[in-house]
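J.: Sending over query_33.txt (compact mmCIF, C-alpha atoms).
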# COMPACT_ATOMS: atom_id res chain seq x y z
CA MET A 25 7.28 25.63 -52.34
CA ALA A 26 6.93 28.10 -49.48
CA THR A 27 6.05 26.63 -46.17
CA THR A 28 3.06 27.90 -44.30
CA GLN A 29 3.08 29.08 -40.71
CA ARG A 30 1.37 25.83 -39.76
CA ASP A 31 4.11 23.78 -41.46
CA ARG A 32 6.80 25.60 -39.50
CA THR A 33 5.01 25.15 -36.19
CA GLU A 34 5.97 22.04 -34.29
CA PRO A 35 3.09 19.67 -33.50
CA GLN A 36 1.51 20.24 -30.14
CA SER A 37 1.02 17.41 -27.71
CA THR A 38 -2.56 16.44 -27.05
CA ALA A 39 -1.75 14.97 -23.66
CA GLY A 40 -3.12 16.73 -20.63
CA PRO A 41 -0.95 18.20 -17.88
CA HIS A 42 0.93 15.77 -15.66
CA THR A 43 -0.31 15.33 -12.13
CA PRO A 44 2.07 15.01 -9.14
CA TRP A 45 1.23 11.29 -9.03
CA GLU A 46 2.26 10.89 -12.68
CA ASP A 47 5.47 12.80 -11.99
CA ALA A 48 6.25 10.41 -9.13
CA VAL A 49 6.07 7.55 -11.62
CA THR A 50 7.66 9.09 -14.71
CA GLU A 51 10.50 10.98 -13.07
CA THR A 52 12.39 7.73 -12.58
CA ASP A 53 11.51 5.67 -15.65
CA ASP A 54 13.64 7.66 -18.11
CA ARG A 55 16.78 6.98 -16.11
CA THR A 56 16.22 3.46 -14.87
CA GLY A 57 14.10 1.86 -17.58
CA GLY A 58 11.39 1.05 -15.02
CA ALA A 59 11.26 -0.04 -11.42
CA GLY A 60 13.62 -2.96 -11.76
CA GLY A 61 16.26 -4.01 -9.30
CA ALA A 62 19.09 -2.86 -11.57
CA GLY A 63 18.21 0.77 -11.00
CA ALA A 64 18.15 0.32 -7.24
CA ALA A 65 21.46 -1.52 -7.27
CA ALA A 66 23.04 1.38 -9.16
CA GLY A 67 21.78 3.88 -6.58
CA GLN A 68 19.22 5.36 -8.98
CA PRO A 69 15.67 6.35 -7.96
CA VAL A 70 13.05 3.67 -8.35
CA ASP A 71 9.40 3.88 -9.27
CA ILE A 72 8.13 4.22 -5.71
CA LYS A 73 4.42 4.61 -6.38
CA ARG A 74 4.29 1.63 -8.70
CA ALA A 75 6.34 -0.56 -6.37
CA MET A 76 4.10 0.24 -3.40
CA LEU A 77 0.90 -0.34 -5.35
CA ASP A 78 2.25 -3.61 -6.73
CA GLY A 79 3.12 -4.70 -3.21
CA MET A 80 -0.44 -4.03 -2.09
CA GLY A 81 -1.92 -5.70 -5.17
CA GLY A 82 -2.79 -2.38 -6.79
CA PRO A 83 -5.85 -0.23 -6.02
CA SER A 84 -8.20 -2.87 -7.44
CA GLY A 85 -6.53 -5.57 -5.35
CA MET A 86 -7.24 -3.66 -2.16
CA VAL A 87 -10.89 -3.28 -3.13
CA TYR A 88 -11.16 -6.95 -4.10
CA SER A 89 -9.82 -8.00 -0.71
CA ALA A 90 -12.89 -6.50 0.98
CA LEU A 91 -15.46 -8.43 -1.05
CA PRO A 92 -14.93 -11.91 0.51
CA VAL A 93 -15.14 -10.32 3.97
CA VAL A 94 -18.45 -8.70 3.07
CA GLY A 95 -19.70 -12.05 1.74
CA PHE A 96 -18.72 -13.79 4.96
CA ALA A 97 -20.39 -11.21 7.19
CA ALA A 98 -23.56 -11.25 5.08
CA ALA A 99 -23.80 -15.04 5.12
CA VAL A 100 -22.86 -15.93 8.69
CA PRO A 101 -26.13 -14.76 10.37
CA PHE A 102 -28.17 -17.09 8.12
CA VAL A 103 -26.02 -20.18 7.55
CA ALA A 104 -23.65 -22.40 9.48
CA LEU A 105 -20.13 -21.11 10.02
CA PRO A 106 -18.48 -23.59 7.61
CA VAL A 107 -20.90 -22.51 4.87
CA ALA A 108 -20.13 -18.83 5.49
CA ILE A 109 -16.41 -19.60 5.28
CA GLY A 110 -17.12 -21.42 2.01
CA VAL A 111 -18.91 -18.33 0.68
CA ALA A 112 -15.88 -16.18 1.46
CA LEU A 113 -13.52 -18.70 -0.16
CA ALA A 114 -15.73 -18.96 -3.24
CA ALA A 115 -15.79 -15.17 -3.60
CA ALA A 116 -12.02 -14.96 -3.18
CA GLY A 117 -11.49 -17.76 -5.70
CA ALA A 118 -13.79 -16.18 -8.28
CA LEU A 119 -12.01 -12.85 -7.90
CA ALA A 120 -8.63 -14.54 -8.27
CA VAL A 121 -9.71 -16.16 -11.53
CA PHE A 122 -11.05 -12.83 -12.78
CA ARG A 123 -7.81 -11.05 -11.89
CA MET A 124 -5.67 -13.67 -13.63
CA TRP A 125 -7.95 -13.40 -16.67
CA ARG A 126 -7.18 -9.67 -16.66
CA GLY A 127 -3.47 -10.49 -16.76
CA GLU A 128 -2.41 -10.11 -13.12
CA ALA A 129 0.39 -12.30 -11.79
CA PHE A 130 -0.64 -15.59 -10.17
CA MET A 131 0.71 -14.76 -6.70
CA THR A 132 -0.83 -11.28 -6.72
CA ALA A 133 -4.22 -12.65 -7.74
CA MET A 134 -4.08 -15.56 -5.28
CA GLY A 135 -3.00 -13.46 -2.30
CA GLY A 136 -6.61 -12.85 -1.33
CA VAL A 137 -7.42 -16.55 -1.47
CA PHE A 138 -4.53 -17.40 0.84
CA GLY A 139 -5.59 -14.69 3.30
CA VAL A 140 -9.23 -15.81 3.35
CA ALA A 141 -8.17 -19.45 3.71
CA ALA A 142 -5.99 -18.62 6.73
CA ALA A 143 -8.72 -16.52 8.34
CA GLY A 144 -11.31 -19.23 7.67
CA ALA A 145 -9.05 -21.91 9.14
CA VAL A 146 -8.71 -19.98 12.40
CA SER A 147 -12.46 -19.36 12.55
CA ALA A 148 -13.28 -23.02 11.82
CA TRP A 149 -10.76 -24.22 14.41
CA THR A 150 -12.17 -22.03 17.21
CA GLY A 151 -15.80 -22.23 16.08
CA SER A 152 -16.19 -18.44 16.36
CA ALA A 153 -17.23 -16.22 13.45
CA ASN A 154 -15.40 -13.29 15.05
CA ASP A 155 -12.13 -15.22 14.87
CA PHE A 156 -12.29 -14.87 11.08
CA PHE A 157 -10.83 -11.40 11.77
CA LEU A 158 -8.32 -12.47 14.42
CA ILE A 159 -5.25 -12.64 12.16
CA GLY A 160 -5.89 -9.13 10.88
CA ILE A 161 -6.34 -7.79 14.41
CA TRP A 162 -3.05 -9.17 15.68
CA ALA A 163 -1.22 -8.31 12.47
CA SER A 164 -2.23 -4.69 13.04
CA LEU A 165 -0.86 -4.82 16.59
CA ALA A 166 2.40 -6.35 15.36
CA GLY A 167 2.71 -3.64 12.69
CA ALA A 168 2.16 -0.89 15.26
CA VAL A 169 4.78 -2.36 17.61
CA LEU A 170 7.32 -2.81 14.80
CA THR A 171 6.97 0.70 13.38
CA LEU A 172 6.87 2.34 16.83
CA GLY A 173 9.97 0.41 17.83
CA SER A 174 11.81 1.64 14.74
CA LEU A 175 10.98 5.21 15.75
CA LEU A 176 12.20 4.71 19.32
CA VAL A 177 15.60 3.45 18.13
CA ARG A 178 15.81 6.38 15.65
CA ARG A 179 15.68 4.15 12.58
CA PRO A 180 12.20 4.87 11.16
CA LEU A 181 11.12 1.91 9.10
CA THR A 182 10.13 3.85 5.98
CA GLY A 183 13.63 5.34 5.80
CA SER A 184 15.24 1.91 6.05
CA ILE A 185 12.97 0.67 3.26
CA TRP A 186 13.80 3.72 1.10
CA ASN A 187 17.52 3.14 1.60
CA ALA A 188 17.23 -0.54 0.70
CA MET A 189 15.30 0.33 -2.46
CA HIS A 190 18.07 2.74 -3.50
CA GLY A 191 21.06 0.47 -3.05
CA GLY A 192 21.55 0.72 0.74
CA GLY A 193 24.44 3.19 0.59
CA HIS A 194 22.83 6.52 1.48
CA GLY A 195 23.41 8.34 4.76
CA TRP A 196 19.76 9.28 5.10
CA ARG A 197 19.80 9.36 8.91
CA ALA A 198 22.50 12.05 8.87
CA ASP A 199 20.28 14.30 6.74
CA ARG A 200 17.89 15.94 9.19
CA PRO A 201 15.11 16.84 6.71
CA SER A 202 15.12 13.28 5.35
CA LEU A 203 15.10 11.79 8.85
CA LEU A 204 12.23 14.08 9.85
CA ALA A 205 10.25 13.12 6.74
CA HIS A 206 10.61 9.43 7.59
CA ASP A 207 9.78 10.07 11.25
CA LEU A 208 6.48 11.57 10.09
CA ALA A 209 5.84 8.83 7.53
CA THR A 210 6.59 6.01 9.98
CA LEU A 211 4.51 7.72 12.67
CA THR A 212 1.60 7.86 10.21
CA VAL A 213 1.94 4.16 9.49
CA THR A 214 2.11 3.47 13.23
CA ALA A 215 -1.09 5.46 13.79
CA VAL A 216 -2.87 3.54 11.02
CA PHE A 217 -1.86 0.17 12.47
CA ALA A 218 -2.73 1.25 16.02
CA GLY A 219 -6.09 2.66 14.94
CA ARG A 220 -6.99 -0.53 13.12
CA PHE A 221 -6.07 -2.63 16.12
CA ALA A 222 -7.98 -0.45 18.61
CA VAL A 223 -11.20 -0.35 16.56
CA ARG A 224 -11.20 -4.01 15.58
CA GLN A 225 -10.24 -5.27 19.02
CA TRP A 226 -13.05 -3.24 20.58
CA LEU A 227 -15.55 -4.70 18.11
CA TYR A 228 -14.12 -8.18 18.65
CA LEU A 229 -14.67 -7.90 22.40
CA ALA A 230 -18.15 -6.52 21.71
CA ASP A 231 -18.89 -9.70 19.68
CA SER A 232 -19.94 -7.73 16.60
CA THR A 233 -19.20 -9.73 13.46
CA THR A 234 -20.97 -7.20 11.24
CA GLY A 235 -19.09 -4.35 12.88
CA LEU A 236 -15.79 -6.17 12.31
CA ALA A 237 -16.60 -6.58 8.62
CA ILE A 238 -17.44 -2.88 8.30
CA ALA A 239 -14.31 -1.88 10.20
CA ASP A 240 -12.19 -4.20 8.06
CA THR A 241 -13.41 -2.34 4.96
CA VAL A 242 -13.39 1.20 6.35
CA THR A 243 -9.97 0.95 7.99
CA GLY A 244 -8.52 -1.00 5.08
CA PHE A 245 -8.16 0.80 1.75
CA PRO A 246 -8.89 4.40 2.89
CA LEU A 247 -6.31 4.39 5.70
CA THR A 248 -3.81 2.52 3.56
CA ALA A 249 -4.18 5.17 0.86
CA LEU A 250 -3.70 7.94 3.44
CA ALA A 251 -0.52 6.35 4.79
CA ALA A 252 0.73 5.74 1.24
CA VAL A 253 0.45 9.45 0.42
CA VAL A 254 2.67 10.38 3.37
CA VAL A 255 5.16 7.57 2.70
CA ILE A 256 5.50 8.48 -0.99
CA TRP A 257 6.02 12.13 0.00
CA ALA A 258 8.84 11.09 2.34
CA PHE A 259 10.39 8.84 -0.32
CA ARG A 260 10.33 11.57 -2.96
CA ARG A 261 11.72 14.17 -0.56
CA THR A 262 14.61 11.90 0.39
CA THR A 263 15.30 10.98 -3.22
CA LYS A 264 15.50 14.62 -4.27
CA ARG A 265 17.90 15.41 -1.44
CA LEU A 266 20.22 12.41 -1.51
CA VAL A 267 20.19 10.82 -4.96
CA LYS A 268 22.61 12.54 -7.32
CA ASP A 269 20.54 12.27 -10.49
CA ALA A 270 17.20 13.15 -8.87
CA PRO A 271 15.38 16.21 -10.31
CA ALA A 272 15.50 19.45 -8.37
CA ALA A 273 12.66 20.06 -5.94
Rewrite the structure of this file - the entire thing - as structure tokens.
T.:
Amino acid sequence: MATTQRDRTEPQSTAGPHTPWEDAVTETDDRTGGAGGAGAAAGQPVDIKRAMLDGMGGPSGMVYSALPVVGFAAAVPFVALPVAIGVALAAAGALAVFRMWRGEAFMTAMGGVFGVAAAGAVSAWTGSANDFFLIGIWASLAGAVLTLGSLLVRRPLTGSIWNAMHGGGHGWRADRPSLLAHDLATLTVTAVFAGRFAVRQWLYLADSTTGLAIADTVTGFPLTALAAVVVIWAFRRTTKRLVKDAPAA
């Protein structure tokens, strides 16, 4: 029986075009079988976007982390401080249960509960609602000092992390474009940390609990996403230049 033109034509994919974000994920999976440690140990590229998002609890995790803070700030003007802390803990606990029900790992889901518990403990110990935000304020300062220090000694932190993720054997600092990319990425992270510290410390000194809650949300996920874009760009640029099996730019 003669075949028709349709029979001879190969089936067409119904999938839409890949985005750059999808390429960042899929360009490594075919060679490494995922983002596991075996690929990194063999010097192969790893799934950078997925690893970073997993480390931050994923996009939903970053949004969930803001909800207990909002609950605390909304409750504290109307109830005693211990009750407001309880509201934040209850919100964090409910979200953790919901996330585990959705299949997230226990430690990822519980990370928000541990953070809220630590913040609440500091606030309860000092008796100040503003001190609920104290750990985050000083963590931002520590992050800014650490990343700035890595720049001053010419070992930008994002480059050191990239090298560790890819087996630790790449001479990335000798490659000027790669070093420049990580200078820019680490500088961006430094600016994010420094900006968070400056804004939150100013609001802390101004005794604005509501302002601190707003700043915690506004300078949280949006700035983290901005820094992640630059860091992933630097990681991909370095991978394409230094990893043998990386795709051409």
J.: Write out as number ranges by chain which residues come within 12 Å of A:Thr262 when counting only C-alpha atoms, dropping same-chain ones fewer than 5 positions away.
T.: A: 69, 72, 182-187, 189-190, 194-206, 209, 255-257, 267-268, 270-273
J.: Excluding stretch 229-242 of chain A and residues on its chain fewer than 3 positions from it, collect all residues at most 7 Å away from it, counting all atoms listed in the file, and give them as a tab-separated table (two decimals) with C-alpha atoms, in the frame of the given file.
T.:
chain	number	residue	atom	x	y	z
A	90	ALA	CA	-12.89	-6.50	0.98
A	93	VAL	CA	-15.14	-10.32	3.97
A	94	VAL	CA	-18.45	-8.70	3.07
A	97	ALA	CA	-20.39	-11.21	7.19
A	153	ALA	CA	-17.23	-16.22	13.45
A	154	ASN	CA	-15.40	-13.29	15.05
A	224	ARG	CA	-11.20	-4.01	15.58
A	225	GLN	CA	-10.24	-5.27	19.02
A	226	TRP	CA	-13.05	-3.24	20.58
A	245	PHE	CA	-8.16	0.80	1.75
A	246	PRO	CA	-8.89	4.40	2.89
J.: Just the number, please: distance in Å from atom CA of A:Ala218 to atom CA of A:Ala148, one decimal.
T.: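 Value for the atom CA of A:Ala218-atom CA of A:Ala148 distance: 26.8 Å.
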J.: What does the structure give for the distance between atom CA of A:Ala168 and atom CA of A:Phe130, in Å to one decimal?
T.: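 That distance, rounded to one decimal, is 29.5 Å.
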J.: Using only C-alpha atoms, pick whichever of A:Phe259, A:Tyr228, A:Tyr88, A:Phe221 has the shortest atom-to-atom distance to A:Gly160.
T.: A:Phe221
J.: Of the residues A:Leu175, A:Phe96, A:Val213, A:Met124, which is the one nearest to A:Val253, using only C-alpha atoms?
T.: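 Closest residue, counting only C-alpha atoms: A:Val213.
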J.: Box for stretch 138-141 of chain A - axis-aligned, 5 Å on each of the six sides, all listed atoms - centre and size in Å to one decimal, as JSON.
T.:
{"center_x": -6.9, "center_y": -17.1, "center_z": 2.3, "size_x": 14.7, "size_y": 14.8, "size_z": 12.9}
J.: Could you jot down the atom CA of A:Leu208 to atom CA of A:Ile159 separation for me, Å, one decimal place?
T.: 27.0 Å
J.: Could you please fill out stretch 86-97 of chain A with all heavy atoms and send it back as a compact mmCIF listing (two decimals), in the coordinates of the input?
T.:
# COMPACT_ATOMS: atom_id res chain seq x y z
N MET A 86 -6.80 -4.03 -3.50
CA MET A 86 -7.24 -3.66 -2.16
C MET A 86 -8.75 -3.65 -2.05
O MET A 86 -9.33 -3.98 -1.01
CB MET A 86 -6.63 -2.32 -1.77
CG MET A 86 -5.13 -2.39 -1.52
SD MET A 86 -4.41 -0.83 -0.97
CE MET A 86 -4.33 0.06 -2.51
N VAL A 87 -9.42 -3.25 -3.14
CA VAL A 87 -10.89 -3.28 -3.13
C VAL A 87 -11.38 -4.73 -3.16
O VAL A 87 -12.30 -5.10 -2.42
CB VAL A 87 -11.43 -2.49 -4.33
CG1 VAL A 87 -12.95 -2.64 -4.42
CG2 VAL A 87 -11.05 -1.02 -4.22
N TYR A 88 -10.75 -5.55 -4.00
CA TYR A 88 -11.16 -6.95 -4.10
C TYR A 88 -11.04 -7.67 -2.76
O TYR A 88 -11.83 -8.56 -2.45
CB TYR A 88 -10.29 -7.69 -5.11
CG TYR A 88 -10.46 -7.24 -6.55
CD1 TYR A 88 -9.42 -7.41 -7.46
CD2 TYR A 88 -11.64 -6.66 -6.99
CE1 TYR A 88 -9.56 -7.00 -8.78
CE2 TYR A 88 -11.79 -6.25 -8.29
CZ TYR A 88 -10.75 -6.42 -9.19
OH TYR A 88 -10.88 -6.03 -10.49
N SER A 89 -10.04 -7.30 -1.97
CA SER A 89 -9.82 -8.00 -0.71
C SER A 89 -10.98 -7.82 0.26
O SER A 89 -11.17 -8.62 1.17
CB SER A 89 -8.52 -7.52 -0.06
OG SER A 89 -8.63 -6.15 0.34
N ALA A 90 -11.76 -6.74 0.08
CA ALA A 90 -12.89 -6.50 0.98
C ALA A 90 -14.11 -7.34 0.63
O ALA A 90 -14.95 -7.62 1.50
CB ALA A 90 -13.26 -5.01 0.96
N LEU A 91 -14.23 -7.75 -0.62
CA LEU A 91 -15.46 -8.43 -1.05
C LEU A 91 -15.69 -9.78 -0.36
O LEU A 91 -16.82 -10.06 0.06
CB LEU A 91 -15.45 -8.58 -2.57
CG LEU A 91 -15.43 -7.26 -3.35
CD1 LEU A 91 -15.47 -7.53 -4.85
CD2 LEU A 91 -16.61 -6.37 -2.94
N PRO A 92 -14.67 -10.66 -0.22
CA PRO A 92 -14.93 -11.91 0.51
C PRO A 92 -15.33 -11.68 1.96
O PRO A 92 -16.14 -12.45 2.51
CB PRO A 92 -13.59 -12.64 0.41
CG PRO A 92 -12.92 -12.08 -0.81
CD PRO A 92 -13.32 -10.65 -0.83
N VAL A 93 -14.79 -10.63 2.58
CA VAL A 93 -15.14 -10.32 3.97
C VAL A 93 -16.61 -9.92 4.05
O VAL A 93 -17.35 -10.35 4.96
CB VAL A 93 -14.24 -9.19 4.50
CG1 VAL A 93 -14.69 -8.75 5.89
CG2 VAL A 93 -12.79 -9.64 4.53
N VAL A 94 -17.05 -9.10 3.10
CA VAL A 94 -18.45 -8.70 3.07
C VAL A 94 -19.34 -9.92 2.86
O VAL A 94 -20.39 -10.07 3.51
CB VAL A 94 -18.68 -7.66 1.95
CG1 VAL A 94 -20.18 -7.37 1.78
CG2 VAL A 94 -17.92 -6.38 2.26
N GLY A 95 -18.93 -10.82 1.97
CA GLY A 95 -19.70 -12.05 1.74
C GLY A 95 -19.81 -12.90 2.99
O GLY A 95 -20.89 -13.43 3.30
N PHE A 96 -18.70 -13.01 3.73
CA PHE A 96 -18.72 -13.79 4.96
C PHE A 96 -19.66 -13.19 5.98
O PHE A 96 -20.50 -13.90 6.58
CB PHE A 96 -17.29 -13.85 5.53
CG PHE A 96 -17.20 -14.50 6.89
CD1 PHE A 96 -17.17 -15.87 7.02
CD2 PHE A 96 -17.15 -13.72 8.04
CE1 PHE A 96 -17.09 -16.47 8.26
CE2 PHE A 96 -17.07 -14.31 9.29
CZ PHE A 96 -17.04 -15.69 9.41
N ALA A 97 -19.56 -11.86 6.18
CA ALA A 97 -20.39 -11.21 7.19
C ALA A 97 -21.87 -11.26 6.81
O ALA A 97 -22.75 -11.37 7.69
CB ALA A 97 -19.94 -9.76 7.36
